[in-house]
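Novice: Quick one: structure below, then a few questions.
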There are 2 protein chains.
Amino acid sequence: MTLVDVHIQDRYPTRVESGSDRKWITSDEPTVRGSAQEGPASAEELAEHARNGFHIQRDLLSDQEVGACMDELKAMTDDPAIRSDERTIIEPASEEVRSVFDAHLLSDRIARLIREPRILDRARQILGSEVYVHQSRVNFMPGFRGTGFYWHSDFETWHAEDGMADMAAVSMSIGLTDNHPFNGGLMLMPGAHRTFVPCLGRTPDDNYRSSLKAQKVGVPQEEDIAELARRHGIEQFTGPSGSALWFDCNSMHGSGNNITPYPRSNIFVVFNSVENALVEPFAARERRPGFVASRDFTPLRA
Amino acid sequence: MTLVDVHIQDRYPTRVESGSDRKWITSDEPTVRGSAQEGPASAEELAEHARNGFHIQRDLLSDQEVGACMDELKAMTDDPAIRSDERTIIEPASEEVRSVFDAHLLSDRIARLIREPRILDRARQILGSEVYVHQSRVNFMPGFRGTGFYWHSDFETWHAEDGMADMAAVSMSIGLTDNHPFNGGLMLMPGAHRTFVPCLGRTPDDNYRSSLKAQKVGVPQEEDIAELARRHGIEQFTGPSGSALWFDCNSMHGSGNNITPYPRSNIFVVFNSVENALVEPFAARERRPGFVASRDFTPLRA
């Protein structure tokens, strides 16, 4: 066996020490790497995804399928084994489940669902290659007290803390509840995915334990967010349950809180190109656990 | 001089001790007491206001007037005398001004503006009588860190803590910045203003000092909010700057937080019918200060 010293260039330096190193980087990577002939997404959808960094797949699930998924989520949160699993995030005050990671490993239904052509082939089409699951989870945002997430690029975290070298991953969020404009639906900045915004501050060890609840390191400065919003504006993912939002790993996104009685649940899956398999973290001392950043790079098969 | 012992019936008992006393009360008071012939609001606007408990007056201010008002607000927040006034609410952490009460007394421009027929006559028309200013303020909600307000009826507070006997007051909020769906704009439940929802818990002394920032007493229970939302749904006040929202004192409303870079400023004025002048608080030991609940019942004149 020969050990090869692999030098991977860090194209996206982040977690920098001072504001003067916080220079924006314009990505020259393609956001869409496949074509309309190669899968279910239309040329228009792919063009929209390339331009905005996201597109919506309306009516991915029927009402019946949404109901079955909701039943599945309910069963998962009621399962004592899942409740006590480290991959399950429980809010201490209410003892309510907020997220269950590795949803595609813990649920047969979700495992089957994401292998269906309507999902897997779209992921392959966007990324132009075989794909594997970098992360999956089901999320439960309560009504009245939903807290939201501040602006961030997922890729910034995955690059810094997980060793994802390139912007060759795409996330899919299937809404299992209606997304109104006012119950904490995702906001995105169309077109901002082409810009990598380095973040200030060293990554603390075990950052993921707190960052899964509220990110402190790995969020852009207010002046960066303001300038991105000035250039790109803000759009919101709204619509009835069963639709899916596909968004590029470097999309700048966030969500407000939710004081309405309407809770939000979704299935969230990150597909990464097998050609973009993780290396060592670019800006953290240790890898995060596998349920947050999988190192099983086996291509997902139907 | 003869002292007359006036007994005013409490039609809206609130701040009750136990859940079993928390019975909803359907108001039989008219929401609109004047007619289309008596002022600038059309029959359609008045019908909408009566039905929903609110209506929007589009383009109340021109862009030029919005700019002049913004300049005025800026001058107010820069004025050391106003900054140190007890009627000015400053956020300790940022030292930023959040609200200036008695705006119509501190600013000649606002004093003149609210006496113009397009405002004063509409207030008189809705309330069917002469009116006075129960409360006025200018509000500054920052971008990135705007905190929002949980669901509440203003009337519940004004009744309990200020001695406002009847639902004969109307609020006007003039947006001086654009209200997007996602920067913390007001949410309302159309039609819920006909229902008085008693709140649990005794009113602490000096409640207003904390409740101006975040209400703890005087907010409905989650099950009440959920049922009102089920019956009435939720609408949001959105639109470009210069439009005004008129809403009934008993409208159930709230607002989410604001993580966008877009701040929000507005001029907020509560008109009360002179026939509904305050008596003693119905559910608090002491009156609140005059800048929160004026006891100068002099009719507002053009």
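Starting from 1 in every chain, residues are counted up; chains themselves are A, B, ... following the order of the structure tokens, and ligands are numbered from 1 as listed.
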Find the residues in chain A near chain B: any atom within 9 Å counts, using only C-alpha atoms. Write them as a list of chain:residue names.
Specialist: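 Result, ordered by chain then number: A:Phe144, A:Phe149, A:Tyr150, A:Trp151, A:Pro181, A:Phe182, A:Asn183, A:Gly184, A:Gly185, A:Met187, A:Glu222, A:Glu223, A:Ile225, A:Ala226, A:Glu227, A:Ala229, A:Arg230, A:Ile234, A:Glu235, A:Gln236, A:Gly254, A:Ser255, A:Gly256, A:Asn257, A:Asn258, A:Ile259, A:Thr260, A:Pro261, A:Tyr262.
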Novice: Quote the spacing between atom CA of B:Arg295 and atom CA of B:Ser136 in Å to one decimal place.
Specialist: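 Pair atom CA of B:Arg295 / atom CA of B:Ser136 returns 12.9 Å.
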Novice: For the strand (DSSP E or B) assignment from backbone DSSP, which residues of stretch 138-265 of chain A qualify? Please present them as a PyMOL selection string.
Specialist: chain A and resi 138-141+146+149-153+169-175+179+186-188+195-196+200+235-236+239+244-248+252-255+258+264-265
Novice: For those residues, write N, CA and C atoms to a file as a JSON list (two decimals), in the first residue's frame.
Specialist:
```json
[["chain", "number", "residue", "atom", "x", "y", "z"],
["A", 138, "VAL", "N", -35.32, 14.74, 8.81],
["A", 138, "VAL", "CA", -36.67, 15.26, 8.83],
["A", 138, "VAL", "C", -36.69, 16.34, 9.90],
["A", 139, "ASN", "N", -37.40, 17.42, 9.59],
["A", 139, "ASN", "CA", -37.43, 18.58, 10.49],
["A", 139, "ASN", "C", -38.85, 18.87, 10.94],
["A", 140, "PHE", "N", -38.97, 19.24, 12.18],
["A", 140, "PHE", "CA", -40.26, 19.61, 12.76],
["A", 140, "PHE", "C", -40.11, 21.01, 13.35],
["A", 141, "MET", "N", -40.74, 21.98, 12.74],
["A", 141, "MET", "CA", -40.72, 23.34, 13.28],
["A", 141, "MET", "C", -42.09, 23.59, 13.89],
["A", 146, "GLY", "N", -41.58, 28.67, 16.70],
["A", 146, "GLY", "CA", -40.56, 28.27, 15.73],
["A", 146, "GLY", "C", -39.48, 29.34, 15.63],
["A", 149, "PHE", "N", -33.78, 30.26, 11.21],
["A", 149, "PHE", "CA", -32.33, 30.16, 11.05],
["A", 149, "PHE", "C", -31.81, 31.41, 10.35],
["A", 150, "TYR", "N", -30.71, 31.93, 10.86],
["A", 150, "TYR", "CA", -30.12, 33.14, 10.27],
["A", 150, "TYR", "C", -29.51, 32.81, 8.90],
["A", 151, "TRP", "N", -29.24, 33.84, 8.13],
["A", 151, "TRP", "CA", -28.67, 33.70, 6.79],
["A", 151, "TRP", "C", -27.37, 32.90, 6.81],
["A", 152, "HIS", "N", -27.25, 31.98, 5.88],
["A", 152, "HIS", "CA", -26.00, 31.24, 5.75],
["A", 152, "HIS", "C", -25.98, 30.49, 4.42],
["A", 153, "SER", "N", -24.79, 30.10, 4.02],
["A", 153, "SER", "CA", -24.60, 29.17, 2.91],
["A", 153, "SER", "C", -24.24, 27.83, 3.53],
["A", 169, "ALA", "N", -22.99, 19.98, -4.87],
["A", 169, "ALA", "CA", -24.03, 19.34, -4.07],
["A", 169, "ALA", "C", -25.31, 20.14, -4.21],
["A", 170, "VAL", "N", -26.42, 19.45, -4.06],
["A", 170, "VAL", "CA", -27.72, 20.11, -4.16],
["A", 170, "VAL", "C", -28.63, 19.57, -3.05],
["A", 171, "SER", "N", -29.40, 20.47, -2.46],
["A", 171, "SER", "CA", -30.32, 20.08, -1.39],
["A", 171, "SER", "C", -31.74, 20.05, -1.91],
["A", 172, "MET", "N", -32.51, 19.13, -1.34],
["A", 172, "MET", "CA", -33.93, 19.04, -1.67],
["A", 172, "MET", "C", -34.72, 19.08, -0.37],
["A", 173, "SER", "N", -35.69, 19.99, -0.30],
["A", 173, "SER", "CA", -36.56, 20.07, 0.88],
["A", 173, "SER", "C", -37.99, 19.86, 0.42],
["A", 174, "ILE", "N", -38.60, 18.77, 0.87],
["A", 174, "ILE", "CA", -40.00, 18.49, 0.53],
["A", 174, "ILE", "C", -40.87, 19.00, 1.66],
["A", 175, "GLY", "N", -41.71, 19.97, 1.36],
["A", 175, "GLY", "CA", -42.64, 20.48, 2.37],
["A", 175, "GLY", "C", -43.74, 19.48, 2.64],
["A", 179, "ASN", "N", -46.41, 25.91, 3.17],
["A", 179, "ASN", "CA", -45.50, 27.03, 3.42],
["A", 179, "ASN", "C", -46.21, 28.33, 3.09],
["A", 186, "LEU", "N", -38.57, 29.22, 4.02],
["A", 186, "LEU", "CA", -37.21, 29.55, 3.62],
["A", 186, "LEU", "C", -37.18, 30.79, 2.73],
["A", 187, "MET", "N", -36.25, 31.69, 3.00],
["A", 187, "MET", "CA", -35.96, 32.83, 2.13],
["A", 187, "MET", "C", -34.63, 32.55, 1.43],
["A", 188, "LEU", "N", -34.57, 32.90, 0.16],
["A", 188, "LEU", "CA", -33.34, 32.71, -0.60],
["A", 188, "LEU", "C", -33.03, 33.98, -1.40],
["A", 195, "THR", "N", -21.68, 33.45, -5.55],
["A", 195, "THR", "CA", -20.72, 34.19, -4.73],
["A", 195, "THR", "C", -20.43, 33.44, -3.45],
["A", 196, "PHE", "N", -19.16, 33.18, -3.20],
["A", 196, "PHE", "CA", -18.76, 32.57, -1.94],
["A", 196, "PHE", "C", -18.36, 33.69, -0.97],
["A", 200, "LEU", "N", -16.10, 35.06, 9.18],
["A", 200, "LEU", "CA", -15.09, 35.42, 10.17],
["A", 200, "LEU", "C", -15.07, 34.43, 11.32],
["A", 235, "GLU", "N", -36.28, 36.08, -2.21],
["A", 235, "GLU", "CA", -37.52, 35.37, -2.56],
["A", 235, "GLU", "C", -37.81, 34.36, -1.48],
["A", 236, "GLN", "N", -39.07, 33.97, -1.42],
["A", 236, "GLN", "CA", -39.48, 33.04, -0.36],
["A", 236, "GLN", "C", -40.11, 31.80, -0.97],
["A", 239, "GLY", "N", -46.00, 27.74, -0.77],
["A", 239, "GLY", "CA", -46.81, 26.86, -1.56],
["A", 239, "GLY", "C", -47.36, 25.71, -0.73],
["A", 244, "ALA", "N", -41.43, 20.48, -3.64],
["A", 244, "ALA", "CA", -40.04, 20.40, -3.18],
["A", 244, "ALA", "C", -39.27, 21.61, -3.67],
["A", 245, "LEU", "N", -38.41, 22.10, -2.81],
["A", 245, "LEU", "CA", -37.45, 23.12, -3.20],
["A", 245, "LEU", "C", -36.10, 22.45, -3.40],
["A", 246, "TRP", "N", -35.53, 22.64, -4.57],
["A", 246, "TRP", "CA", -34.17, 22.18, -4.84],
["A", 246, "TRP", "C", -33.28, 23.41, -4.80],
["A", 247, "PHE", "N", -32.24, 23.38, -4.00],
["A", 247, "PHE", "CA", -31.37, 24.56, -3.97],
["A", 247, "PHE", "C", -29.91, 24.19, -3.86],
["A", 248, "ASP", "N", -29.12, 25.00, -4.56],
["A", 248, "ASP", "CA", -27.69, 24.78, -4.65],
["A", 248, "ASP", "C", -27.05, 24.88, -3.26],
["A", 252, "MET", "N", -27.57, 31.38, -0.63],
["A", 252, "MET", "CA", -27.66, 32.13, 0.62],
["A", 252, "MET", "C", -29.12, 32.09, 1.07],
["A", 253, "HIS", "N", -29.36, 31.53, 2.24],
["A", 253, "HIS", "CA", -30.74, 31.36, 2.67],
["A", 253, "HIS", "C", -30.86, 31.50, 4.18],
["A", 254, "GLY", "N", -32.08, 31.67, 4.62],
["A", 254, "GLY", "CA", -32.37, 31.81, 6.04],
["A", 254, "GLY", "C", -33.87, 31.72, 6.24],
["A", 255, "SER", "N", -34.31, 31.75, 7.48],
["A", 255, "SER", "CA", -35.75, 31.74, 7.73],
["A", 255, "SER", "C", -36.05, 32.50, 9.00],
["A", 258, "ASN", "N", -41.53, 31.75, 13.66],
["A", 258, "ASN", "CA", -42.91, 31.37, 13.33],
["A", 258, "ASN", "C", -43.78, 31.48, 14.56],
["A", 264, "ARG", "N", -44.39, 23.52, 10.76],
["A", 264, "ARG", "CA", -43.79, 23.17, 9.47],
["A", 264, "ARG", "C", -42.98, 21.90, 9.63],
["A", 265, "SER", "N", -43.18, 20.97, 8.70],
["A", 265, "SER", "CA", -42.36, 19.76, 8.68],
["A", 265, "SER", "C", -41.84, 19.56, 7.27]]
```
Novice: Can you pull out every residue within 12 Å of B:Ile25, counting only C-alpha atoms, but drop anything in the same chain fewer than 6 positions away, and send it as JSON, numbers by chain?
Specialist: {"B": [10, 11, 12, 13, 14, 156, 192, 193, 194, 195, 196, 197, 198, 199, 250]}
Novice: Which residue out of A:Pro204, A:Thr157, A:Pro240, A:Gln221 has the minimum interatomic distance to A:Ser18 when only C-alpha atoms are used?
Specialist: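 Among the listed residues, A:Gln221 lies closest to A:Ser18.
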Novice: Could you write out, as a ChimeraX atom specification, all the residues of stretch 46-254 of chain B that DSSP marks as helix (DSSP H, G or I)?
Specialist: /B:46-52,63-78,80-83,103-106,108-113,117-127,154-162,192-194,207-211,222-232
Novice: Just want the 9 Å neighbourhood of stretch 72-80 of chain B, counted on only C-alpha atoms, with same-chain residues fewer than 3 positions away dropped. Output as a list of chain:residue names.
Specialist: B:Gly67, B:Ala68, B:Cys69, B:Arg83, B:Ser84, B:Asp85, B:Thr88, B:Glu96, B:Val97, B:Val100, B:Leu106, B:Ser107, B:Arg109, B:Ile110, B:Val138, B:Ser265
